[in-house]
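Undergrad: Following this line is data_15.tsv, made up of TSV, C-alpha atoms:
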chain	number	residue	atom	x	y	z
H	26	MET	CA	-32.67	-38.34	21.94
H	27	GLN	CA	-29.92	-36.97	19.70
H	28	PHE	CA	-28.58	-33.56	20.67
H	29	LEU	CA	-25.62	-31.19	20.58
H	30	CYS	CA	-24.68	-28.79	23.35
H	31	ILE	CA	-22.49	-25.73	22.60
H	32	GLY	CA	-21.09	-23.77	25.52
H	33	ILE	CA	-20.29	-20.10	24.81
H	34	ASP	CA	-19.54	-16.97	26.84
H	35	SER	CA	-22.87	-15.43	25.97
H	36	CYS	CA	-25.67	-16.37	23.64
H	37	THR	CA	-25.75	-13.50	21.19
H	38	ASP	CA	-28.27	-12.80	18.46
H	39	ASP	CA	-25.34	-13.00	16.05
H	40	ILE	CA	-24.54	-16.68	16.60
H	41	MET	CA	-28.19	-17.69	16.90
H	42	ARG	CA	-29.01	-16.05	13.58
H	43	ASP	CA	-26.15	-17.94	11.85
H	44	ILE	CA	-27.20	-21.26	13.33
H	45	LEU	CA	-30.91	-20.89	12.67
H	46	ASN	CA	-30.23	-19.90	9.07
H	47	GLU	CA	-28.19	-23.07	8.57
H	48	LEU	CA	-30.74	-25.27	10.31
H	49	GLU	CA	-33.47	-24.18	7.91
H	50	GLN	CA	-32.08	-26.89	5.66
H	51	LEU	CA	-33.36	-29.47	8.15
H	52	ARG	CA	-36.89	-28.19	7.60
H	53	SER	CA	-36.52	-28.64	3.86
H	54	HIS	CA	-35.66	-32.30	4.54
H	55	LYS	CA	-38.69	-32.60	6.86
H	56	ILE	CA	-36.48	-33.12	9.90
H	57	ASP	CA	-37.94	-31.72	13.10
H	58	TYR	CA	-35.56	-30.13	15.59
H	59	SER	CA	-35.52	-27.73	18.52
H	60	VAL	CA	-33.08	-25.10	19.75
H	61	ASN	CA	-32.95	-24.04	23.40
H	62	GLU	CA	-30.81	-21.61	25.35
H	63	ASP	CA	-29.56	-22.25	28.86
H	64	ASN	CA	-28.10	-19.29	30.75
H	65	SER	CA	-27.44	-20.79	34.15
H	66	ASN	CA	-24.35	-20.62	36.38
H	67	GLY	CA	-23.00	-17.52	34.65
H	68	SER	CA	-22.48	-19.24	31.30
H	69	ALA	CA	-24.55	-19.83	28.22
H	70	SER	CA	-25.30	-22.99	26.29
H	71	ILE	CA	-27.20	-23.69	23.11
H	72	ILE	CA	-28.80	-27.12	22.89
H	73	PHE	CA	-29.90	-28.60	19.57
H	74	ARG	CA	-32.18	-31.62	19.58
H	75	ILE	CA	-33.45	-33.85	16.82
H	76	SER	CA	-37.09	-34.70	17.51
H	77	ASP	CA	-37.74	-38.22	18.78
H	78	ASP	CA	-40.11	-38.73	15.87
H	79	ASN	CA	-37.11	-38.74	13.53
H	80	LEU	CA	-35.53	-41.69	15.36
H	81	TYR	CA	-38.11	-44.06	13.91
H	82	LYS	CA	-37.76	-42.84	10.34
H	83	GLU	CA	-35.63	-44.53	7.73
H	84	ASN	CA	-32.03	-43.22	7.67
H	85	SER	CA	-32.53	-41.52	11.03
H	86	GLY	CA	-28.73	-41.43	11.47
H	87	GLN	CA	-28.51	-39.07	8.51
H	88	SER	CA	-30.63	-36.52	10.38
H	89	TYR	CA	-28.14	-36.29	13.23
H	90	LYS	CA	-25.22	-36.22	10.78
H	91	MET	CA	-26.84	-33.33	8.94
H	92	LEU	CA	-27.39	-31.52	12.24
H	93	LYS	CA	-23.69	-31.84	13.10
H	94	THR	CA	-22.63	-30.57	9.67
H	95	LEU	CA	-24.98	-27.58	9.68
H	96	VAL	CA	-24.05	-26.56	13.22
H	97	SER	CA	-20.38	-26.91	12.29
H	98	ASN	CA	-20.86	-24.63	9.28
H	99	ALA	CA	-22.51	-21.97	11.41
H	100	LEU	CA	-19.89	-22.21	14.15
H	101	ALA	CA	-17.07	-21.97	11.60
H	102	ASP	CA	-18.46	-18.67	10.29
H	103	TYR	CA	-18.87	-17.42	13.86
H	104	ILE	CA	-15.30	-18.40	14.81
H	105	ILE	CA	-13.86	-16.62	11.78
H	106	ARG	CA	-15.89	-13.50	12.50
H	107	GLN	CA	-15.43	-13.36	16.29
H	108	TYR	CA	-12.12	-15.09	17.01
H	109	GLU	CA	-9.87	-14.56	13.99
H	110	GLN	CA	-8.76	-11.01	14.82
H	111	LYS	CA	-8.09	-12.00	18.45
H	112	LEU	CA	-6.00	-14.98	17.33
H	113	ILE	CA	-4.01	-12.87	14.87
H	114	THR	CA	-3.37	-10.25	17.55
H	115	ARG	CA	-2.16	-12.97	19.92
H	116	ILE	CA	0.19	-14.34	17.25
H	117	ILE	CA	1.63	-10.88	16.53
H	118	ASN	CA	2.16	-10.09	20.22
H	119	SER	CA	3.78	-13.49	20.79
H	120	ASN	CA	5.93	-13.91	17.68
H	121	TYR	CA	6.72	-10.28	16.91
H	122	CYS	CA	6.86	-8.65	20.31
H	123	TYR	CA	9.97	-6.67	19.29
H	124	PHE	CA	7.84	-4.37	17.13
H	125	ASN	CA	6.38	-1.38	18.93
H	126	SER	CA	2.63	-1.00	19.44
H	127	LEU	CA	2.11	1.19	16.35
H	128	GLU	CA	4.04	-1.26	14.18
H	129	ARG	CA	2.03	-4.21	15.52
H	130	LYS	CA	-1.19	-2.36	14.73
H	131	GLU	CA	-0.02	-1.84	11.16
H	132	ILE	CA	0.91	-5.54	10.86
H	133	LEU	CA	-2.53	-6.49	12.24
H	134	LYS	CA	-4.16	-4.23	9.65
H	135	LYS	CA	-2.23	-5.91	6.84
H	136	ALA	CA	-2.96	-9.41	8.14
H	137	LEU	CA	-6.70	-8.67	8.32
H	138	HIS	CA	-6.50	-7.22	4.82
H	139	ILE	CA	-5.23	-10.62	3.66
H	140	THR	CA	-7.69	-12.76	5.65
H	141	ARG	CA	-10.65	-10.68	4.48
H	142	ASN	CA	-9.33	-10.76	0.91
H	143	GLU	CA	-10.01	-7.07	0.42
H	144	ASP	CA	-7.98	-7.13	-2.80
H	145	ARG	CA	-10.17	-9.92	-4.22
H	146	ASN	CA	-7.03	-11.97	-4.81
H	147	PHE	CA	-7.69	-15.43	-6.30
H	148	PHE	CA	-5.18	-17.25	-4.08
H	149	ASN	CA	-6.39	-15.45	-0.96
H	150	SER	CA	-9.91	-16.59	-1.89
H	151	LEU	CA	-8.69	-20.17	-1.98
H	152	PHE	CA	-6.99	-19.75	1.41
H	153	GLN	CA	-10.22	-18.31	2.81
H	154	VAL	CA	-12.12	-21.41	1.73
H	155	ARG	CA	-9.38	-23.69	3.04
H	156	ARG	CA	-9.34	-22.06	6.48
H	157	ARG	CA	-13.11	-22.32	6.79
H	158	ASN	CA	-13.08	-25.93	5.65
H	159	THR	CA	-10.36	-26.70	8.21
H	160	ILE	CA	-12.59	-25.41	11.01
H	161	VAL	CA	-15.68	-27.24	9.73
H	162	ARG	CA	-13.75	-30.50	9.44
H	163	LYS	CA	-12.37	-30.19	12.97
H	164	LEU	CA	-15.83	-29.45	14.36
H	165	VAL	CA	-17.44	-32.40	12.57
H	166	ASP	CA	-14.65	-34.72	13.76
H	167	TYR	CA	-15.12	-33.49	17.31
H	168	PHE	CA	-18.90	-34.03	17.21
H	169	ASP	CA	-18.31	-37.59	15.98
H	170	SER	CA	-16.90	-38.41	19.42
H	171	SER	CA	-18.70	-35.93	21.65
H	172	ASN	CA	-22.01	-34.10	21.66
H	173	SER	CA	-20.87	-31.33	24.02
H	174	LEU	CA	-18.43	-28.57	23.10
H	175	ILE	CA	-17.03	-25.51	24.90
H	176	LEU	CA	-16.34	-23.04	22.10
H	177	ASP	CA	-13.45	-21.14	23.74
H	178	GLY	CA	-11.65	-24.35	24.61
H	179	PHE	CA	-12.19	-25.77	21.15
H	180	VAL	CA	-10.73	-22.65	19.48
H	181	ASN	CA	-7.74	-22.53	21.82
H	182	PHE	CA	-6.79	-26.22	21.79
H	183	ARG	CA	-8.33	-27.96	18.78
H	184	LEU	CA	-7.61	-25.62	15.86
H	185	LYS	CA	-3.84	-25.94	15.55
H	186	ASP	CA	-3.94	-26.30	11.75
H	187	TYR	CA	-6.12	-23.20	11.48
H	188	VAL	CA	-3.83	-21.22	13.79
H	189	LYS	CA	-0.83	-22.36	11.73
H	190	ASP	CA	-2.49	-20.90	8.63
H	191	LEU	CA	-3.00	-17.63	10.52
H	192	GLU	CA	0.66	-17.64	11.55
H	193	GLU	CA	1.66	-17.91	7.89
H	194	ILE	CA	-0.60	-14.96	7.10
H	195	VAL	CA	1.00	-12.93	9.88
H	196	ASP	CA	4.46	-13.80	8.51
H	197	LYS	CA	3.32	-12.54	5.09
H	198	ALA	CA	1.92	-9.37	6.67
H	199	VAL	CA	5.24	-8.74	8.44
H	200	ASP	CA	7.14	-9.19	5.17
H	201	ASP	CA	4.78	-6.76	3.44
H	202	TYR	CA	5.16	-4.26	6.27
H	203	LEU	CA	8.97	-4.41	6.16
H	204	MET	CA	9.02	-4.07	2.38
H	205	GLU	CA	6.68	-1.10	2.57
H	206	ARG	CA	8.80	0.50	5.28
H	207	GLU	CA	11.95	0.03	3.19
H	208	TYR	CA	10.16	1.45	0.15
H	209	LYS	CA	9.07	4.54	2.10
H	210	GLU	CA	12.63	5.06	3.32
H	211	PHE	CA	13.89	4.64	-0.24
H	212	ILE	CA	11.39	7.24	-1.50
H	213	ARG	CA	12.35	9.61	1.32
H	214	LEU	CA	16.01	9.32	0.30
H	215	LEU	CA	15.24	9.95	-3.36
H	216	ARG	CA	13.17	12.99	-2.45
H	217	TYR	CA	16.13	14.30	-0.48
H	218	PHE	CA	18.41	13.94	-3.53
H	219	VAL	CA	15.89	15.86	-5.64
H	220	ASP	CA	15.45	18.63	-3.05
H	221	ILE	CA	19.15	19.37	-2.61
H	222	GLN	CA	19.86	20.11	-6.27
H	223	ASP	CA	18.78	22.86	-8.61
H	224	PRO	CA	16.40	21.89	-11.43
H	225	LYS	CA	18.25	21.39	-14.71
H	226	PHE	CA	15.02	21.52	-16.72
H	227	ASP	CA	11.75	23.32	-16.26
H	228	THR	CA	9.76	20.47	-17.87
H	229	ILE	CA	10.60	16.96	-19.00
H	230	HIS	CA	8.26	14.96	-21.23
H	231	VAL	CA	8.46	11.20	-20.69
H	232	ILE	CA	7.19	9.08	-23.59
H	233	ALA	CA	6.60	5.41	-22.78
H	234	GLY	CA	7.44	3.04	-25.62
H	235	PHE	CA	6.00	-0.39	-26.36
H	236	ASP	CA	9.50	-1.94	-25.94
H	237	ASN	CA	9.88	-0.96	-22.26
H	238	ARG	CA	12.08	1.99	-23.22
H	239	TYR	CA	11.44	5.67	-22.76
H	240	THR	CA	12.05	8.84	-24.75
H	241	LEU	CA	12.72	12.07	-22.89
H	242	LEU	CA	12.06	15.55	-24.26
H	243	ASP	CA	12.79	18.92	-22.68
H	244	GLU	CA	10.35	21.82	-22.48
H	245	THR	CA	11.15	22.78	-26.10
H	246	LYS	CA	10.32	19.19	-27.24
H	247	LYS	CA	14.01	18.55	-27.93
H	248	GLU	CA	15.01	14.94	-27.29
H	249	ILE	CA	17.46	14.49	-24.40
H	250	THR	CA	17.34	10.70	-24.11
H	251	SER	CA	20.95	10.27	-25.22
H	252	GLU	CA	22.14	12.49	-22.37
H	253	CYS	CA	20.56	10.07	-19.91
H	254	ILE	CA	22.18	7.02	-21.50
H	255	GLN	CA	25.62	8.62	-21.67
H	256	GLU	CA	25.36	9.42	-17.97
H	257	PHE	CA	25.31	5.70	-17.11
H	258	ILE	CA	26.74	3.88	-20.16
H	259	SER	CA	30.27	4.17	-18.81
H	260	GLU	CA	29.33	2.19	-15.70
H	261	ILE	CA	27.35	-0.71	-17.23
H	262	SER	CA	26.88	-2.17	-20.69
H	263	GLU	CA	23.79	-1.14	-22.63
H	264	GLU	CA	22.52	-4.75	-22.60
H	265	ASP	CA	22.41	-4.69	-18.80
H	266	ILE	CA	20.58	-1.39	-18.51
H	267	ASN	CA	17.28	-1.50	-16.65
H	268	TYR	CA	15.34	1.24	-18.40
H	269	ASP	CA	12.91	1.70	-15.52
H	270	ASP	CA	15.80	2.38	-13.13
H	271	LEU	CA	17.46	4.55	-15.77
H	272	LEU	CA	14.34	6.67	-16.11
H	273	VAL	CA	14.05	7.27	-12.36
H	274	SER	CA	17.79	8.02	-12.07
H	275	SER	CA	17.63	10.46	-14.99
H	276	LEU	CA	14.64	12.32	-13.55
H	277	ILE	CA	16.36	12.59	-10.17
H	278	THR	CA	19.55	13.87	-11.83
H	279	PHE	CA	17.65	16.47	-13.88
H	280	ALA	CA	15.27	17.37	-11.02
H	281	PRO	CA	12.69	19.03	-13.31
H	282	ARG	CA	10.01	21.32	-11.96
H	283	LYS	CA	7.38	19.47	-13.98
H	284	ILE	CA	7.11	15.96	-15.46
H	285	VAL	CA	4.58	15.09	-18.14
H	286	ILE	CA	3.97	11.39	-18.83
H	287	HIS	CA	2.81	10.50	-22.34
H	288	CYS	CA	1.46	7.20	-23.74
H	289	THR	CA	0.64	5.75	-20.33
H	290	GLY	CA	-1.20	2.91	-22.07
H	291	GLN	CA	2.18	1.57	-23.20
H	292	LEU	CA	3.60	1.80	-19.68
H	293	ARG	CA	3.86	-1.83	-18.55
H	294	ASN	CA	5.34	-1.18	-15.13
H	295	LYS	CA	2.51	0.58	-13.28
H	296	GLU	CA	4.51	0.59	-10.04
H	297	LEU	CA	7.12	2.73	-11.77
H	298	LEU	CA	4.54	5.45	-12.28
H	299	GLU	CA	3.64	5.40	-8.58
H	300	THR	CA	7.33	5.65	-7.67
H	301	ILE	CA	7.79	8.72	-9.88
H	302	LYS	CA	4.68	10.31	-8.36
H	303	ASN	CA	5.99	9.64	-4.86
H	304	VAL	CA	9.46	11.01	-5.58
H	305	PHE	CA	8.07	14.09	-7.35
H	306	PRO	CA	4.86	14.92	-5.47
H	307	ASP	CA	2.66	17.51	-7.20
H	308	LYS	CA	5.03	17.65	-10.19
H	309	VAL	CA	3.78	14.71	-12.27
H	310	PHE	CA	1.01	15.17	-14.85
H	311	MET	CA	-0.64	12.57	-17.07
H	312	CYS	CA	-1.21	13.50	-20.71
H	313	ASN	CA	-4.61	12.39	-21.96
H	314	GLY	CA	-3.58	12.58	-25.59
H	315	CYS	CA	-1.64	15.13	-27.62
H	316	GLU	CA	0.44	15.38	-30.80
H	317	ILE	CA	3.42	13.82	-29.01
H	318	CYS	CA	1.30	10.83	-27.96
H	319	LEU	CA	-0.13	10.33	-31.45
H	320	LEU	CA	3.27	10.48	-33.12
H	321	SER	CA	4.80	8.17	-30.53
H	322	VAL	CA	2.08	5.54	-30.93
H	323	ALA	CA	2.44	5.69	-34.71
H	324	LYS	CA	6.19	5.31	-34.38
H	325	SER	CA	5.74	2.31	-32.09
H	326	GLU	CA	3.37	0.66	-34.56
H	327	ALA	CA	5.88	1.24	-37.34
H	328	LYS	CA	8.61	-0.42	-35.28
H	329	LYS	CA	6.37	-3.38	-34.56
H	330	HIS	CA	5.87	-3.93	-38.28
H	331	HIS	CA	9.49	-3.11	-39.13
H	332	GLU	CA	8.41	-0.13	-41.14
H	333	LYS	CA	10.47	2.98	-41.56
H	334	PRO	CA	8.73	5.94	-39.92
H	335	THR	CA	8.25	8.98	-42.08
H	336	TYR	CA	8.30	11.53	-39.26
H	337	LYS	CA	10.50	12.64	-36.39
H	338	ILE	CA	9.64	13.75	-32.89
What is this file in structure tokens?
TA:
Amino acid sequence: MQFLCIGIDSCTDDIMRDILNELEQLRSHKIDYSVNEDNSNGSASIIFRISDDNLYKENSGQSYKMLKTLVSNALADYIIRQYEQKLITRIINSNYCYFNSLERKEILKKALHITRNEDRNFFNSLFQVRRRNTIVRKLVDYFDSSNSLILDGFVNFRLKDYVKDLEEIVDKAVDDYLMEREYKEFIRLLRYFVDIQDPKFDTIHVIAGFDNRYTLLDETKKEITSECIQEFISEISEEDINYDDLLVSSLITFAPRKIVIHCTGQLRNKELLETIKNVFPDKVFMCNGCEICLLSVAKSEAKKHHEKPTYKI
């Protein structure tokens, strides 16, 4: 008789449902099998048997091979669902013990965000498939030499490649956490600079251009862009100016009570907008379309086609 025996802490409905769903494929191939639970001696085992009738059929070895593959698929899904968070937590506590408990929780949250691919990232999807395939391959290889497996022992001692992948994910999560922490500190510092100075303008209109540059107007719609450039042109050449940084620096210097962003569709750096919102909470407003926006878009189109605009903002 051909069989597999899986030892687990407890036989839950969760794992049985996964396995039975996979084994339905045996029925479609007219392969008879049985599944039994053994809960003796304080432990649980699941025993899968291929019916003796299949031993006398042509290609009977394929039946057992299919059983091993299907059980491996189900166990891989169960391991990812039930063990992955525990393994990641163990890695964090072992490799990054110098972070405090709250920091480790935040790193765990970020690592799980990556493993579960909550951002629907293409590369994370590929890594998800690779990790699952790694587990399935290890299980199938194990069943080629043994028909009895203790699940806890297998996870702890036979999945080194899988654990290595999780370690790389934790490293990425730590990098993301540190970058986010530095960003928050940077924003806190910029807010401090804004808070300690008196507003030089009541309102500043920011017009995003198609060429990654920005036009600034005051509350009277008077252009003040040149004032921003002159503030920094003495320190660096115009060719080296980063206009995103220049915009943020100018807004911090002017500390306006209100900021209106126009032509957001031409704003290529979306993170810049979030930075401005974070530095000036409750002061940033998005324009949904006005005369300034229409004139700016027309001006941009004229520049693209090297035409001379017939208007002035």
Undergrad: Find, counting all atoms listed in the file, the residue in H:Gln291, H:Cys312, H:Tyr121, H:Leu100 that gets nearest to Phe179 (chain H).
TA: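 The closest residue to Phe179 (chain H) is H:Leu100.
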Undergrad: Which polymer residues, whether protein, DNA or RNA, lie within 12 Å of the coordinate (-12.1, -21.3, 2.8) when you count all atoms listed in the file? List them as a ChimeraX atom specification, using the chain letters and numbers from the file.
TA: /H:98,101-102,105,140-142,147-162,187,190
Undergrad: Could you check which of H:Ile117, H:Leu191, H:Ile277, H:Leu137 is closest to Phe218 (chain H), using only C-alpha atoms?
TA: H:Ile277
Undergrad: Expressed in Å to a single decimal, how great is the separation between CA of Ile194 (chain H) and CA of Ala136 (chain H)?
TA: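 Going from CA of Ile194 (chain H) over to CA of Ala136 (chain H), I get 6.1 Å.
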Undergrad: Just checking: using all atoms listed in the file, which residue out of H:Arg213, H:Lys283, H:Lys90, H:His138 ends up closest to Ile113 (chain H)?
TA: H:His138
Undergrad: Name all residues at most 8 Å from region 61-64 of chain H (count only C-alpha atoms; drop same-chain ones fewer than 5 positions away) and give them as a VMD selection string.
TA: chain H and resid 36 69 to 73
Undergrad: Taking all atoms listed in the file into account, which of H:Asn172, H:Thr228, H:Asn146, H:Asn120 comes nearest Val309 (chain H)?
TA: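 Closest to Val309 (chain H), using all atoms listed in the file: H:Thr228.
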Undergrad: Calculate how many Å separate CA of Glu316 (chain H) from CA of Tyr239 (chain H), rounding to one decimal.
TA: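 Here the two named atoms are 16.7 Å from each other.
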Undergrad: For Val96 (chain H), which of H:Asp177, H:Glu49, H:Glu193, H:Glu248 is the closest residue, counting only C-alpha atoms?
TA: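 Smallest separation from Val96 (chain H) among the options: H:Glu49.
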Undergrad: For Thr114 (chain H), which of H:Glu131, H:Asp169, H:Asp269, H:Glu299 is the closest residue, counting only C-alpha atoms?
TA: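 Smallest separation from Thr114 (chain H) among the options: H:Glu131.
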Undergrad: By how many Å are CA of Val60 (chain H) and CA of Arg183 (chain H) apart?
TA: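 CA of Arg183 (chain H) lies 24.9 Å from CA of Val60 (chain H).
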Undergrad: Hey, what's within 10 Å of Lys55 (chain H) if we count all atoms listed in the file and toss same-chain stuff fewer than 4 positions away? As a count of residues only, please?
TA: 5
Undergrad: With a distance cut-off of 10 Å and only C-alpha atoms, select the neighbouring residues of Asn313 (chain H), excluding the residue or stretch itself and same-chain residues fewer than 6 positions from it, and output the selection as a VMD selection string.
TA: chain H and resid 286 to 289
Undergrad: Using only C-alpha atoms, which residues sit within 9 Å of Leu176 (chain H) once same-chain residues fewer than 3 positions away are excluded, as JSON, numbers by chain?
TA: {"H": [31, 32, 33, 34, 100, 104, 179, 180, 181]}
Undergrad: For C-alpha atoms, I'd like the residues from the last selection saved as a PDB file, in the coordinates of the input.
TA:
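As a result, selection.pdb now contains:
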ATOM      1  CA  ILE H  31     -22.490 -25.730  22.600  1.00  0.00           C
ATOM      2  CA  GLY H  32     -21.090 -23.770  25.520  1.00  0.00           C
ATOM      3  CA  ILE H  33     -20.290 -20.100  24.810  1.00  0.00           C
ATOM      4  CA  ASP H  34     -19.540 -16.970  26.840  1.00  0.00           C
ATOM      5  CA  LEU H 100     -19.890 -22.210  14.150  1.00  0.00           C
ATOM      6  CA  ILE H 104     -15.300 -18.400  14.810  1.00  0.00           C
ATOM      7  CA  PHE H 179     -12.190 -25.770  21.150  1.00  0.00           C
ATOM      8  CA  VAL H 180     -10.730 -22.650  19.480  1.00  0.00           C
ATOM      9  CA  ASN H 181      -7.740 -22.530  21.820  1.00  0.00           C
TER      10      ASN H 181
END
